[in-house]
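First up is the structure itself, then whatever we jot down about it.
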Amino acid sequence: MSQDTLRVAVVGAGRWAQRAHIPGWQRDPRVEVVALVDTDEAALAQAGERFGVSRLYTDYRDVLADDTIDVVDVATANTAHFEISEAALLAGKHVLCEKPVHHDYTQTQRLADLARGKGLKTKLGFTFRYAPAVQYARHLMESGFVGTPYIFNGYEQNSQWIDPQTPMRQVNPKADPAVLATSSIEGYGAPIIDIMHEWVGAELTSVVGTMRNFVPERVVAATGAMQRLNIDDGDMWVCEFANNVIGSIQSSYVTVGNFPGIEARIFGSEGAIIVRLVAEEGICQTIRTATKDQVEFVEREIPQEFFPEGGDSREDWDFLFYSALCADFATEILSGGAQNQGDFAQGALVQETINAFEASHRTRAWVDFPLQTAVAAPAEASVDGSSNGASNGVVTAGAAS
Ligand SMILES: NC(=O)c1ccc[n+]([C@@H]2O[C@H](COP(=O)([O-])OP(=O)(O)OC[C@H]3O[C@@H](n4cnc5c(N)ncnc54)[C@H](O)[C@@H]3O)[C@@H](O)[C@H]2O)c1
């Protein structure tokens, strides 16, 4: 029986759900957000009122029992991602989950396999791969614009936490101040690593790199006091791929510049593409290209087919990119085909890459990929690479433990 509408339950009705997930789904005429779930009753009531959703629950298991719900969207704090995703898949729901599903990539892969076995689709909250400029760049690459790819450069950086007075919450009390803990590369690096894998299109073979702590002390939200926090707030990595491409990744939340601060560049035998997802002069995305015969980069207009209905580059980046993600997932599910980009398997690959980066920093050596053993090392600290510090005013650190 063919289906032309989707019924979605959003679990976790906090800041990001209200800025991106719920309005993202509601933009799509094929989709109805039928239920919201949050353990915080006040947040739940406020979100229900704001978005006109009347079915409100404090326990996610209530929506799993409802056979008319097709998709469970997990937008809770990180600690609940894995449990709810697994339960939703077991209940036969398609699942969209914020990153990371699990800090151990083998567990994320296990859920990817579970979904595939049940004919269900999954999607990670890799917001930026759905930016119309990124999707258009991919289209250009598929039509041969770049030729044989040589070099990829990826940046995800802004100055969201350059000020030590910006309070940090969920600081890991068990963290050893003598050991530099992963932070920026987990919270900020994931989306640009996702784009790197997608654009390079070959197996990663080896990585090397390093992390730094530039701002040694920060205000901790719980106490209001300055504290030594030895966390990675800037890092740099080099990657080798099986197709001879070399790539670099740089992530930081103390580098001057605006949100979200993504830049992806690819250079090949025929041409080059530079996509910037940085809100500047009221525009949230640009794409510039050059060819070997026209070496000066020129800005291209992004064709309307890469936008969600009615979208344009003057919209807020979170609403535009996330509504594009939701539309893409709705199309993948409703079409019933095999297409499923940015799924949990991709999430596992990105997490494994981060773990390889960390292993390289710790050993000060190249690390071969795929990793030989399950590296389940939980991140000591993480931040949301894309939330707006101006509205949040907090960093989430140590959320993994
Ligand atoms: N992809 C992106 O670009 C991006 C950007 C920002 C945030 N995020 C992610 O979105 C998620 C939510 O972040 P946020 O800033 O909205 O946090 P938040 O704290 O504002 O909201 C989380 C909500 O989840 C609820 N919750 C927690 N455990 C629950 C459970 N077991 N069942 C039901 N509700 C539960 C909390 O009560 C809270 O209201 C995080 O995983 C974060 O990393 C992703």
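By order in the structure tokens, chains are A, B, ...; within a chain, residues start at 1; ligands start at 1, following the order shown.
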
Stretch 334-337 of chain A surroundings by only C-alpha atoms, 12 Å radius, close-in-sequence under 3 positions cut, as number ranges by chain: A: 1-7, 30-31, 70-71, 94, 119-121, 327-331, 340-341

Same residues, C-alpha atoms, output as a PDB file, in the first residue's frame:
```pdb
ATOM      1  CA  MET A   1       0.000   0.000   0.000  1.00  0.00           C
ATOM      2  CA  SER A   2       1.538   3.304  -0.996  1.00  0.00           C
ATOM      3  CA  GLN A   3       1.641   6.142   1.505  1.00  0.00           C
ATOM      4  CA  ASP A   4       1.788   9.863   0.818  1.00  0.00           C
ATOM      5  CA  THR A   5       1.847  11.366   4.309  1.00  0.00           C
ATOM      6  CA  LEU A   6       4.031  10.818   7.364  1.00  0.00           C
ATOM      7  CA  ARG A   7       3.137  11.020  11.047  1.00  0.00           C
ATOM      8  CA  ARG A  30       3.423  15.780   3.542  1.00  0.00           C
ATOM      9  CA  VAL A  31       4.242  15.597   7.253  1.00  0.00           C
ATOM     10  CA  ASP A  70       5.710   6.329  11.290  1.00  0.00           C
ATOM     11  CA  VAL A  71       8.763   8.269  12.495  1.00  0.00           C
ATOM     12  CA  HIS A  94      11.851   5.010  11.142  1.00  0.00           C
ATOM     13  CA  GLY A 119      13.496  -2.441   6.291  1.00  0.00           C
ATOM     14  CA  LEU A 120      13.485   0.806   8.284  1.00  0.00           C
ATOM     15  CA  LYS A 121      15.266   4.074   7.504  1.00  0.00           C
ATOM     16  CA  ALA A 327      12.091  16.988   3.567  1.00  0.00           C
ATOM     17  CA  ASP A 328      14.859  14.659   2.416  1.00  0.00           C
ATOM     18  CA  PHE A 329      13.966  12.038   5.046  1.00  0.00           C
ATOM     19  CA  ALA A 330      10.256  12.296   4.188  1.00  0.00           C
ATOM     20  CA  THR A 331      11.073  11.745   0.504  1.00  0.00           C
ATOM     21  CA  ASN A 340      18.952   6.773   2.654  1.00  0.00           C
ATOM     22  CA  GLN A 341      21.735   9.363   2.944  1.00  0.00           C
TER      23      GLN A 341
END
```

Non-local contacts of A:Trp25 (8 Å; only C-alpha atoms; under 3 positions in same chain excluded) as a list in words: His21, Ile22, Asp28, Val31, Glu32, Val33, Ser323, Cys326 and Ala327 of chain A

What does the file look like for those residues with N, CA and C atoms, as a CSV table (one decimal), in the first residue's frame?
```
chain,number,residue,atom,x,y,z
A,21,HIS,N,13.9,21.0,14.6
A,21,HIS,CA,13.2,19.8,14.3
A,21,HIS,C,11.7,20.1,14.0
A,22,ILE,N,11.0,20.6,15.0
A,22,ILE,CA,9.5,20.7,14.9
A,22,ILE,C,9.2,21.7,13.7
A,28,ASP,N,6.9,20.9,5.9
A,28,ASP,CA,6.6,19.9,4.8
A,28,ASP,C,5.1,19.6,4.8
A,31,VAL,N,3.9,16.1,5.9
A,31,VAL,CA,4.2,15.6,7.3
A,31,VAL,C,3.3,16.2,8.3
A,32,GLU,N,2.9,15.4,9.3
A,32,GLU,CA,2.2,16.0,10.4
A,32,GLU,C,3.0,15.6,11.7
A,33,VAL,N,3.3,16.6,12.5
A,33,VAL,CA,3.8,16.3,13.8
A,33,VAL,C,2.7,16.0,14.8
A,323,SER,N,15.0,22.0,7.8
A,323,SER,CA,13.8,21.7,7.0
A,323,SER,C,14.1,20.9,5.7
A,326,CYS,N,14.6,17.3,6.9
A,326,CYS,CA,13.3,16.7,7.2
A,326,CYS,C,12.6,16.3,5.8
A,327,ALA,N,12.7,17.2,4.9
A,327,ALA,CA,12.1,17.0,3.6
A,327,ALA,C,12.8,15.8,2.9
```

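Considering only C-alpha atoms and all ligand atoms, the residues that reside within 6 Å of ligand 1 can be listed as A:Val11, A:Gly12, A:Ala13, A:Gly14, A:Arg15, A:Trp16, A:Ala17, A:Val37, A:Asp38, A:Thr39, A:Asp40, A:Ala43, A:Tyr60, A:Ala75, A:Thr76, A:Ala77, A:Asn78, A:Ala80, A:Glu98, A:Lys99, A:Gly125, A:Phe126, A:Thr127, A:Asp384, A:Ser386, A:Ser387.
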
Go ahead and dump the residues you just picked, N, CA and C atoms, as a PDB file, in the first residue's frame.
```pdb
ATOM      1  N   VAL A  11      10.634  13.441  20.149  1.00  0.00           N
ATOM      2  CA  VAL A  11      10.970  13.158  21.551  1.00  0.00           C
ATOM      3  C   VAL A  11      12.092  14.102  21.977  1.00  0.00           C
ATOM      4  N   GLY A  12      11.809  14.905  23.004  1.00  0.00           N
ATOM      5  CA  GLY A  12      12.736  15.976  23.396  1.00  0.00           C
ATOM      6  C   GLY A  12      12.239  17.248  22.743  1.00  0.00           C
ATOM      7  N   ALA A  13      11.700  18.147  23.559  1.00  0.00           N
ATOM      8  CA  ALA A  13      11.104  19.372  23.009  1.00  0.00           C
ATOM      9  C   ALA A  13      11.846  20.598  23.526  1.00  0.00           C
ATOM     10  N   GLY A  14      13.180  20.484  23.609  1.00  0.00           N
ATOM     11  CA  GLY A  14      14.015  21.562  24.131  1.00  0.00           C
ATOM     12  C   GLY A  14      14.379  22.580  23.061  1.00  0.00           C
ATOM     13  N   ARG A  15      15.518  23.242  23.280  1.00  0.00           N
ATOM     14  CA  ARG A  15      15.917  24.357  22.402  1.00  0.00           C
ATOM     15  C   ARG A  15      16.054  23.961  20.937  1.00  0.00           C
ATOM     16  N   TRP A  16      16.826  22.897  20.677  1.00  0.00           N
ATOM     17  CA  TRP A  16      17.118  22.544  19.283  1.00  0.00           C
ATOM     18  C   TRP A  16      15.871  21.986  18.586  1.00  0.00           C
ATOM     19  N   ALA A  17      15.066  21.217  19.328  1.00  0.00           N
ATOM     20  CA  ALA A  17      13.817  20.705  18.751  1.00  0.00           C
ATOM     21  C   ALA A  17      12.940  21.872  18.315  1.00  0.00           C
ATOM     22  N   VAL A  37       7.091  14.561  23.047  1.00  0.00           N
ATOM     23  CA  VAL A  37       7.422  13.886  24.301  1.00  0.00           C
ATOM     24  C   VAL A  37       8.543  14.652  24.973  1.00  0.00           C
ATOM     25  N   ASP A  38       8.408  14.898  26.272  1.00  0.00           N
ATOM     26  CA  ASP A  38       9.531  15.457  27.031  1.00  0.00           C
ATOM     27  C   ASP A  38       9.316  15.110  28.496  1.00  0.00           C
ATOM     28  N   THR A  39      10.394  14.779  29.172  1.00  0.00           N
ATOM     29  CA  THR A  39      10.290  14.457  30.600  1.00  0.00           C
ATOM     30  C   THR A  39      10.007  15.710  31.428  1.00  0.00           C
ATOM     31  N   ASP A  40      10.286  16.873  30.852  1.00  0.00           N
ATOM     32  CA  ASP A  40      10.047  18.145  31.546  1.00  0.00           C
ATOM     33  C   ASP A  40       8.656  18.656  31.140  1.00  0.00           C
ATOM     34  N   ALA A  43       8.323  22.325  29.809  1.00  0.00           N
ATOM     35  CA  ALA A  43       8.867  22.486  28.446  1.00  0.00           C
ATOM     36  C   ALA A  43       7.909  21.874  27.436  1.00  0.00           C
ATOM     37  N   TYR A  60       8.486   8.292  26.397  1.00  0.00           N
ATOM     38  CA  TYR A  60       8.549   8.016  24.954  1.00  0.00           C
ATOM     39  C   TYR A  60       7.892   6.693  24.567  1.00  0.00           C
ATOM     40  N   ALA A  75      15.365  14.087  19.764  1.00  0.00           N
ATOM     41  CA  ALA A  75      16.046  15.380  19.914  1.00  0.00           C
ATOM     42  C   ALA A  75      16.288  15.675  21.391  1.00  0.00           C
ATOM     43  N   THR A  76      16.485  14.604  22.150  1.00  0.00           N
ATOM     44  CA  THR A  76      16.736  14.746  23.588  1.00  0.00           C
ATOM     45  C   THR A  76      18.195  15.075  23.833  1.00  0.00           C
ATOM     46  N   ALA A  77      18.553  15.200  25.117  1.00  0.00           N
ATOM     47  CA  ALA A  77      19.960  15.278  25.499  1.00  0.00           C
ATOM     48  C   ALA A  77      20.658  13.993  25.034  1.00  0.00           C
ATOM     49  N   ASN A  78      21.972  14.096  24.829  1.00  0.00           N
ATOM     50  CA  ASN A  78      22.741  12.985  24.250  1.00  0.00           C
ATOM     51  C   ASN A  78      22.556  11.660  24.984  1.00  0.00           C
ATOM     52  N   ALA A  80      20.164  10.101  26.169  1.00  0.00           N
ATOM     53  CA  ALA A  80      18.985   9.263  25.876  1.00  0.00           C
ATOM     54  C   ALA A  80      18.925   8.826  24.405  1.00  0.00           C
ATOM     55  N   GLU A  98      19.490  12.881  16.831  1.00  0.00           N
ATOM     56  CA  GLU A  98      20.597  13.829  16.927  1.00  0.00           C
ATOM     57  C   GLU A  98      21.893  13.070  17.159  1.00  0.00           C
ATOM     58  N   LYS A  99      22.986  13.694  16.796  1.00  0.00           N
ATOM     59  CA  LYS A  99      24.296  13.076  16.963  1.00  0.00           C
ATOM     60  C   LYS A  99      24.825  13.322  18.373  1.00  0.00           C
ATOM     61  N   GLY A 125      21.316  13.640  12.693  1.00  0.00           N
ATOM     62  CA  GLY A 125      21.105  15.089  12.563  1.00  0.00           C
ATOM     63  C   GLY A 125      22.315  15.799  11.976  1.00  0.00           C
ATOM     64  N   PHE A 126      22.789  15.329  10.841  1.00  0.00           N
ATOM     65  CA  PHE A 126      23.892  15.999  10.142  1.00  0.00           C
ATOM     66  C   PHE A 126      23.315  17.180   9.348  1.00  0.00           C
ATOM     67  N   THR A 127      22.990  18.223  10.079  1.00  0.00           N
ATOM     68  CA  THR A 127      22.283  19.386   9.541  1.00  0.00           C
ATOM     69  C   THR A 127      22.890  19.905   8.231  1.00  0.00           C
ATOM     70  N   ASP A 384      27.607  21.417  21.347  1.00  0.00           N
ATOM     71  CA  ASP A 384      26.816  21.401  20.130  1.00  0.00           C
ATOM     72  C   ASP A 384      27.472  22.331  19.148  1.00  0.00           C
ATOM     73  N   SER A 386      26.659  23.563  16.599  1.00  0.00           N
ATOM     74  CA  SER A 386      25.881  24.449  15.768  1.00  0.00           C
ATOM     75  C   SER A 386      24.883  25.277  16.541  1.00  0.00           C
ATOM     76  N   SER A 387      24.861  25.129  17.830  1.00  0.00           N
ATOM     77  CA  SER A 387      23.896  25.952  18.548  1.00  0.00           C
ATOM     78  C   SER A 387      24.443  27.366  18.683  1.00  0.00           C
TER      79      SER A 387
END
```

Pick from A:Asn172, A:Gln46, A:Gln346, A:Thr166 nearest to A:Ile195, counting only C-alpha atoms: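 Among the listed residues, A:Gln346 lies closest to A:Ile195.
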
Straight-line distance linking atom CA of A:Asp368 with atom CA of A:Ile354, stated in Å to one decimal: 12.6 Å
